[in-house]
Structures are given as C-alpha cells and as structure tokens.
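Chemist: model13.tsv (TSV, C-alpha atoms) pasted underneath:
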chain	number	residue	atom	x	y	z
A	1	MET	CA	-59.67	-41.56	66.11
A	2	ASN	CA	-61.64	-44.72	66.91
A	3	TRP	CA	-62.99	-47.21	64.37
A	4	GLN	CA	-66.42	-45.60	64.10
A	5	GLU	CA	-64.85	-42.18	63.49
A	6	HIS	CA	-62.59	-43.73	60.87
A	7	ILE	CA	-65.38	-45.34	58.88
A	8	ASP	CA	-67.53	-42.22	59.25
A	9	GLY	CA	-64.61	-40.21	57.86
A	10	LEU	CA	-64.17	-42.60	54.94
A	11	HIS	CA	-67.88	-42.42	54.19
A	12	GLY	CA	-67.67	-38.65	54.21
A	13	HIS	CA	-64.70	-38.57	51.84
A	14	LEU	CA	-66.46	-40.92	49.42
A	15	ASN	CA	-69.57	-38.76	49.52
A	16	GLU	CA	-67.46	-35.66	48.86
A	17	THR	CA	-65.60	-37.14	45.87
A	18	ILE	CA	-65.60	-34.63	43.02
A	19	PHE	CA	-66.20	-35.93	39.50
A	20	THR	CA	-65.33	-33.78	36.48
A	21	ASP	CA	-64.99	-34.01	32.73
A	22	THR	CA	-62.18	-32.85	30.45
A	23	GLU	CA	-63.35	-29.22	30.70
A	24	GLY	CA	-63.48	-29.31	34.49
A	25	ASN	CA	-67.28	-29.36	34.50
A	26	GLY	CA	-68.82	-31.17	37.45
A	27	LEU	CA	-70.45	-34.56	36.93
A	28	THR	CA	-72.74	-36.46	39.23
A	29	HIS	CA	-71.51	-39.86	40.36
A	30	ASP	CA	-74.12	-41.47	38.10
A	31	GLU	CA	-72.90	-39.46	35.11
A	32	PHE	CA	-69.26	-40.32	35.85
A	33	PHE	CA	-69.87	-44.04	36.21
A	34	GLY	CA	-72.20	-44.05	33.21
A	35	GLU	CA	-69.36	-42.60	31.14
A	36	VAL	CA	-66.68	-45.03	32.39
A	37	ILE	CA	-69.01	-48.00	31.87
A	38	HIS	CA	-69.71	-46.88	28.30
A	39	LEU	CA	-65.99	-46.37	27.78
A	40	THR	CA	-65.24	-49.86	29.07
A	41	GLU	CA	-67.77	-51.39	26.68
A	42	GLU	CA	-66.12	-49.56	23.78
A	43	VAL	CA	-62.71	-50.91	24.79
A	44	ARG	CA	-64.07	-54.43	25.24
A	45	HIS	CA	-65.87	-54.58	21.90
A	46	GLY	CA	-63.31	-52.54	19.94
A	47	GLY	CA	-60.32	-54.73	20.76
A	48	SER	CA	-58.58	-51.83	22.50
A	49	THR	CA	-56.54	-51.87	25.71
A	50	ALA	CA	-57.08	-50.39	29.17
A	51	PHE	CA	-53.74	-49.42	30.73
A	52	PHE	CA	-53.44	-48.89	34.49
A	53	ILE	CA	-50.57	-46.97	36.12
A	54	GLY	CA	-49.66	-45.97	39.67
A	55	ASN	CA	-46.82	-45.89	42.22
A	56	GLY	CA	-46.59	-47.81	45.49
A	57	ALA	CA	-50.04	-48.75	46.75
A	58	SER	CA	-51.49	-47.30	43.55
A	59	ALA	CA	-49.24	-49.67	41.56
A	60	SER	CA	-50.67	-52.59	43.52
A	61	MET	CA	-54.16	-51.25	42.84
A	62	SER	CA	-53.32	-50.92	39.14
A	63	SER	CA	-52.22	-54.56	38.95
A	64	HIS	CA	-55.24	-55.69	40.96
A	65	MET	CA	-57.74	-53.83	38.79
A	66	ALA	CA	-56.03	-54.83	35.54
A	67	ALA	CA	-56.42	-58.47	36.63
A	68	ASP	CA	-60.07	-57.97	37.60
A	69	PHE	CA	-60.93	-56.10	34.41
A	70	ALA	CA	-59.28	-58.83	32.33
A	71	LYS	CA	-60.71	-61.82	34.20
A	72	ASN	CA	-64.14	-60.53	35.19
A	73	GLY	CA	-64.71	-57.74	32.69
A	74	LYS	CA	-63.26	-59.45	29.60
A	75	VAL	CA	-61.24	-56.31	28.84
A	76	HIS	CA	-57.73	-56.44	27.42
A	77	THR	CA	-55.55	-54.75	30.05
A	78	GLU	CA	-51.92	-53.92	30.61
A	79	THR	CA	-49.74	-52.54	33.39
A	80	PHE	CA	-46.05	-51.65	33.34
A	81	THR	CA	-45.07	-53.48	36.50
A	82	ASP	CA	-42.43	-55.83	35.13
A	83	LEU	CA	-39.36	-55.36	37.35
A	84	ALA	CA	-36.87	-55.63	34.50
A	85	LEU	CA	-38.70	-52.97	32.49
A	86	ILE	CA	-39.14	-50.58	35.42
A	87	THR	CA	-35.60	-50.89	36.73
A	88	ALA	CA	-34.02	-50.64	33.27
A	89	LEU	CA	-35.92	-47.47	32.44
A	90	ALA	CA	-35.35	-45.98	35.90
A	91	ASN	CA	-31.65	-46.79	35.89
A	92	ASP	CA	-30.82	-46.02	32.26
A	93	ILE	CA	-33.10	-43.05	31.69
A	94	SER	CA	-35.19	-41.74	34.61
A	95	TYR	CA	-37.89	-42.99	36.95
A	96	ASP	CA	-40.02	-40.19	35.57
A	97	GLU	CA	-40.14	-42.11	32.26
A	98	VAL	CA	-41.07	-45.61	33.48
A	99	PHE	CA	-44.68	-45.32	32.27
A	100	ARG	CA	-44.36	-42.78	29.46
A	101	ILE	CA	-41.81	-44.64	27.33
A	102	PRO	CA	-43.61	-48.01	27.14
A	103	LEU	CA	-46.92	-46.22	26.66
A	104	MET	CA	-45.47	-44.40	23.65
A	105	SER	CA	-44.80	-47.71	21.90
A	106	ARG	CA	-48.03	-49.47	22.92
A	107	GLY	CA	-50.76	-46.86	23.32
A	108	LYS	CA	-53.03	-45.85	20.45
A	109	PRO	CA	-56.32	-44.05	19.81
A	110	GLY	CA	-59.18	-46.07	21.24
A	111	ASP	CA	-57.15	-47.21	24.22
A	112	VAL	CA	-57.77	-45.99	27.77
A	113	LEU	CA	-55.29	-44.95	30.44
A	114	VAL	CA	-56.36	-45.12	34.09
A	115	SER	CA	-53.94	-42.93	36.06
A	116	ILE	CA	-54.03	-43.49	39.83
A	117	SER	CA	-52.14	-41.16	42.16
A	118	SER	CA	-53.06	-40.24	45.72
A	119	SER	CA	-51.13	-36.97	45.52
A	120	GLY	CA	-51.96	-36.29	41.89
A	121	ALA	CA	-48.45	-34.87	41.56
A	122	SER	CA	-46.14	-37.80	40.72
A	123	PRO	CA	-43.98	-36.76	37.75
A	124	ASN	CA	-44.02	-40.19	36.11
A	125	ILE	CA	-47.83	-40.33	36.27
A	126	LEU	CA	-48.20	-36.80	34.93
A	127	LYS	CA	-45.82	-37.44	32.02
A	128	ALA	CA	-47.55	-40.66	31.02
A	129	THR	CA	-50.97	-39.03	31.30
A	130	ALA	CA	-49.93	-36.15	29.05
A	131	THR	CA	-48.48	-38.62	26.54
A	132	ALA	CA	-51.71	-40.63	26.52
A	133	ARG	CA	-53.63	-37.48	25.62
A	134	GLU	CA	-51.14	-36.74	22.82
A	135	LEU	CA	-51.61	-40.29	21.50
A	136	GLY	CA	-55.38	-39.80	21.28
A	137	MET	CA	-56.15	-42.14	24.16
A	138	THR	CA	-58.98	-41.53	26.61
A	139	VAL	CA	-57.77	-40.81	30.13
A	140	VAL	CA	-59.47	-41.50	33.47
A	141	THR	CA	-57.74	-40.09	36.56
A	142	LEU	CA	-58.09	-40.84	40.26
A	143	SER	CA	-56.37	-38.45	42.64
A	144	GLY	CA	-56.71	-36.92	46.09
A	145	MET	CA	-55.25	-34.74	48.82
A	146	ASN	CA	-54.29	-31.33	47.39
A	147	PRO	CA	-57.32	-29.84	45.60
A	148	GLU	CA	-54.92	-28.07	43.22
A	149	ASN	CA	-53.11	-31.25	42.16
A	150	PRO	CA	-52.48	-31.24	38.41
A	151	LEU	CA	-53.70	-34.77	37.67
A	152	LYS	CA	-57.31	-33.95	38.57
A	153	ARG	CA	-57.48	-31.66	35.52
A	154	MET	CA	-55.71	-33.92	32.99
A	155	GLY	CA	-58.29	-36.62	32.30
A	156	HIS	CA	-61.32	-36.80	30.11
A	157	LEU	CA	-62.97	-38.14	33.27
A	158	ASN	CA	-61.62	-37.37	36.74
A	159	ALA	CA	-62.40	-38.52	40.28
A	160	TYR	CA	-60.84	-36.44	43.05
A	161	VAL	CA	-61.10	-37.59	46.67
A	162	PRO	CA	-60.75	-34.59	49.03
A	163	ALA	CA	-59.11	-36.54	51.84
A	164	PRO	CA	-55.97	-35.48	53.73
A	165	THR	CA	-54.22	-38.85	54.13
A	166	TYR	CA	-52.93	-41.60	51.88
A	167	GLY	CA	-54.95	-44.19	53.80
A	168	PHE	CA	-58.26	-42.49	53.14
A	169	VAL	CA	-57.45	-41.66	49.50
A	170	GLU	CA	-56.18	-45.16	48.66
A	171	THR	CA	-59.17	-46.82	50.33
A	172	ALA	CA	-61.56	-44.50	48.49
A	173	HIS	CA	-59.82	-45.19	45.17
A	174	ALA	CA	-60.18	-48.92	45.76
A	175	ALA	CA	-63.90	-48.45	46.44
A	176	LEU	CA	-64.38	-46.37	43.28
A	177	LEU	CA	-62.49	-48.88	41.12
A	178	HIS	CA	-64.33	-51.87	42.54
A	179	PHE	CA	-67.68	-50.16	41.98
A	180	TRP	CA	-66.63	-49.56	38.34
A	181	MET	CA	-65.55	-53.20	38.04
A	182	ASP	CA	-68.78	-54.52	39.52
A	183	ARG	CA	-70.79	-52.55	36.97
A	184	ILE	CA	-68.96	-54.02	33.94
A	185	GLN	CA	-68.54	-57.62	35.10
A	186	VAL	CA	-69.33	-60.29	32.50
A	187	PRO	CA	-70.56	-63.74	33.57
A	188	ALA	CA	-67.85	-66.37	33.22
A	189	ILE	CA	-68.32	-68.95	30.47
A	190	SER	CA	-66.65	-72.29	30.08
A	191	VAL	CA	-64.18	-73.23	27.35
A	192	ALA	CA	-66.83	-75.49	25.83
A	193	GLU	CA	-69.35	-72.62	25.74
A	194	ARG	CA	-66.75	-70.35	24.16
A	195	ARG	CA	-65.99	-72.93	21.46
A	196	ALA	CA	-69.67	-73.38	20.76
A	197	ALA	CA	-70.32	-69.66	20.45
Re-express the file's structure as structure tokens.
Modeler:
Amino acid sequence: MNWQEHIDGLHGHLNETIFTDTEGNGLTHDEFFGEVIHLTEEVRHGGSTAFFIGNGASASMSSHMAADFAKNGKVHTETFTDLALITALANDISYDEVFRIPLMSRGKPGDVLVSISSSGASPNILKATATARELGMTVVTLSGMNPENPLKRMGHLNAYVPAPTYGFVETAHAALLHFWMDRIQVPAISVAERRAA
C-alpha cells in the first residue's frame, strides 16, 4: 500500500464510521456530534466530570483528550493513568479492575465516561463501562475492528470504525475526538479577565 492508498483507505473508514444510540439505532454524524456537544456543555456547566479510559495507544489518546478538554474546553476531566494506582490495582487485584475500581469511588450521575478501545473487547474497558452505566453516568464509546465487538453496544452514544487494523482505528478515533474537541473549544481568558468576571 502506498501513501495515497493509505490516506484513501483512512478517508473511507472515517466515512463508513457507524454512529448509534443506546438502543442501537443509527445516528447521522451530525446527530452524534450534536449529542456529544450538548453532553459536554452539560458537564461543563453542571460541575460534572468527563472520564477518559483506554489501553496502550488508547490510553495515550485518553490522556491527550482529557488535557485538551480541560485546557481548551474548560471541562473537568480525569483519567486513571497514575502508575502507582494502575500497578497497585493490577498487582493486588487484577488488571481487569484498573478502571472499574477507581470509577466506583469517583463516578456519579451527571458524569460522562468516554471508553476508547480499538478492539472493543478489552475486559477492563468493558467492566468499567458497565459500572459507569450502573452508576447512572452517560457513556460514549469509540471502538473498531470486529463489528460484533461488545463495546459498540454499551454506550448511550457509540462510534464504531469498521477498519481492520489498529493503525486505521486509532487514527480514526483521534480524528473523531479532535473534531469533538474543536466543536466545544472555549476561547482562553486571562487571569485578570477571570477575576473581573
């Protein structure tokens, strides 16, 4: 595959992304992003938290987007990427619990969980996502690869990228998340302006 074929393939996978709601009903991309933008505004103005979780590259993406949402979107965010927390939970309990256990003590109704998994089948992501639903949180999922992956049916809002490789799925997820971020960005204000407000 040459570069042009690669970018054509990525474009195709983005165009073929499937957006659904909690009942599995199809949404247009405008409907999906309209919903996540509205959700973000509710979190921002309600003093709630947007949690981001993922493994590997999706963990890096979670940290990246949590930082962008906090700095540029003025949204309170949290990730569970502290090495002491992750390794303690993985060593003492199970790696499957590294997101679920801290979410149980911090998540609450009104909060949002963004679950990112290329395969849509990581046990720790699935457990945390189920727990978020039980806690009354709103869940947004991003998954890919296997069209039968369980994560794509677990969110209130779901984006599934029908691509066969991690590279394509991860790149598409980054594009989707950055588009979301760009739509909710708040102009920066100075400390003096904040004090005067």
Chemist: So, with all atoms listed in the file as the atoms that count, which of A:Leu176, A:Leu10, A:Leu142, A:Ile116 lies closest to Met61 (chain A)?
Modeler: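 The closest residue to Met61 (chain A) is A:Ile116.
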Chemist: Using all atoms listed in the file, what table do you get, as a tab-separated table, when you list each residue of region 64-96 of chain A with an atom no more than 12 Å from region 123-129 of chain A, its nearest pair of atoms, and their distance in Å rounded to one decimal, rows by chain then rising number?
Modeler:
residue	atom	partner	partner_atom	distance
A:Phe80	CA	A:Ala128	CA	11.3
A:Ile86	CA	A:Asn124	CA	11.5
A:Leu89	CA	A:Asn124	CA	11.5
A:Ala90	CA	A:Asn124	CA	10.4
A:Ser94	CA	A:Asn124	CA	9.1
A:Tyr95	CA	A:Asn124	CA	6.8
A:Asp96	CA	A:Asn124	CA	4.0
Chemist: Under the rule that all atoms listed in the file are counted, which of A:Glu170, A:Ser48, A:Phe19, A:Ile7 is the nearest residue to Gly34 (chain A)?
Modeler: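 Of all the options, A:Phe19 lies closest to Gly34 (chain A).
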Chemist: If you count all atoms listed in the file, which residues fall within 12 Å of Glu35 (chain A), apart from same-chain ones fewer than 5 positions away, as a VMD selection string?
Modeler: chain A and resid 19 to 21 27 to 30 40 to 42 138 to 140 156 to 158 180 183 to 184
Chemist: Between A:Pro147, A:Gln4, A:Ala50, A:Met104, which residue has the minimum interatomic distance to Glu134 (chain A), considering all atoms listed in the file?
Modeler: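 The shortest atom-to-atom distance to Glu134 (chain A) comes from A:Met104.
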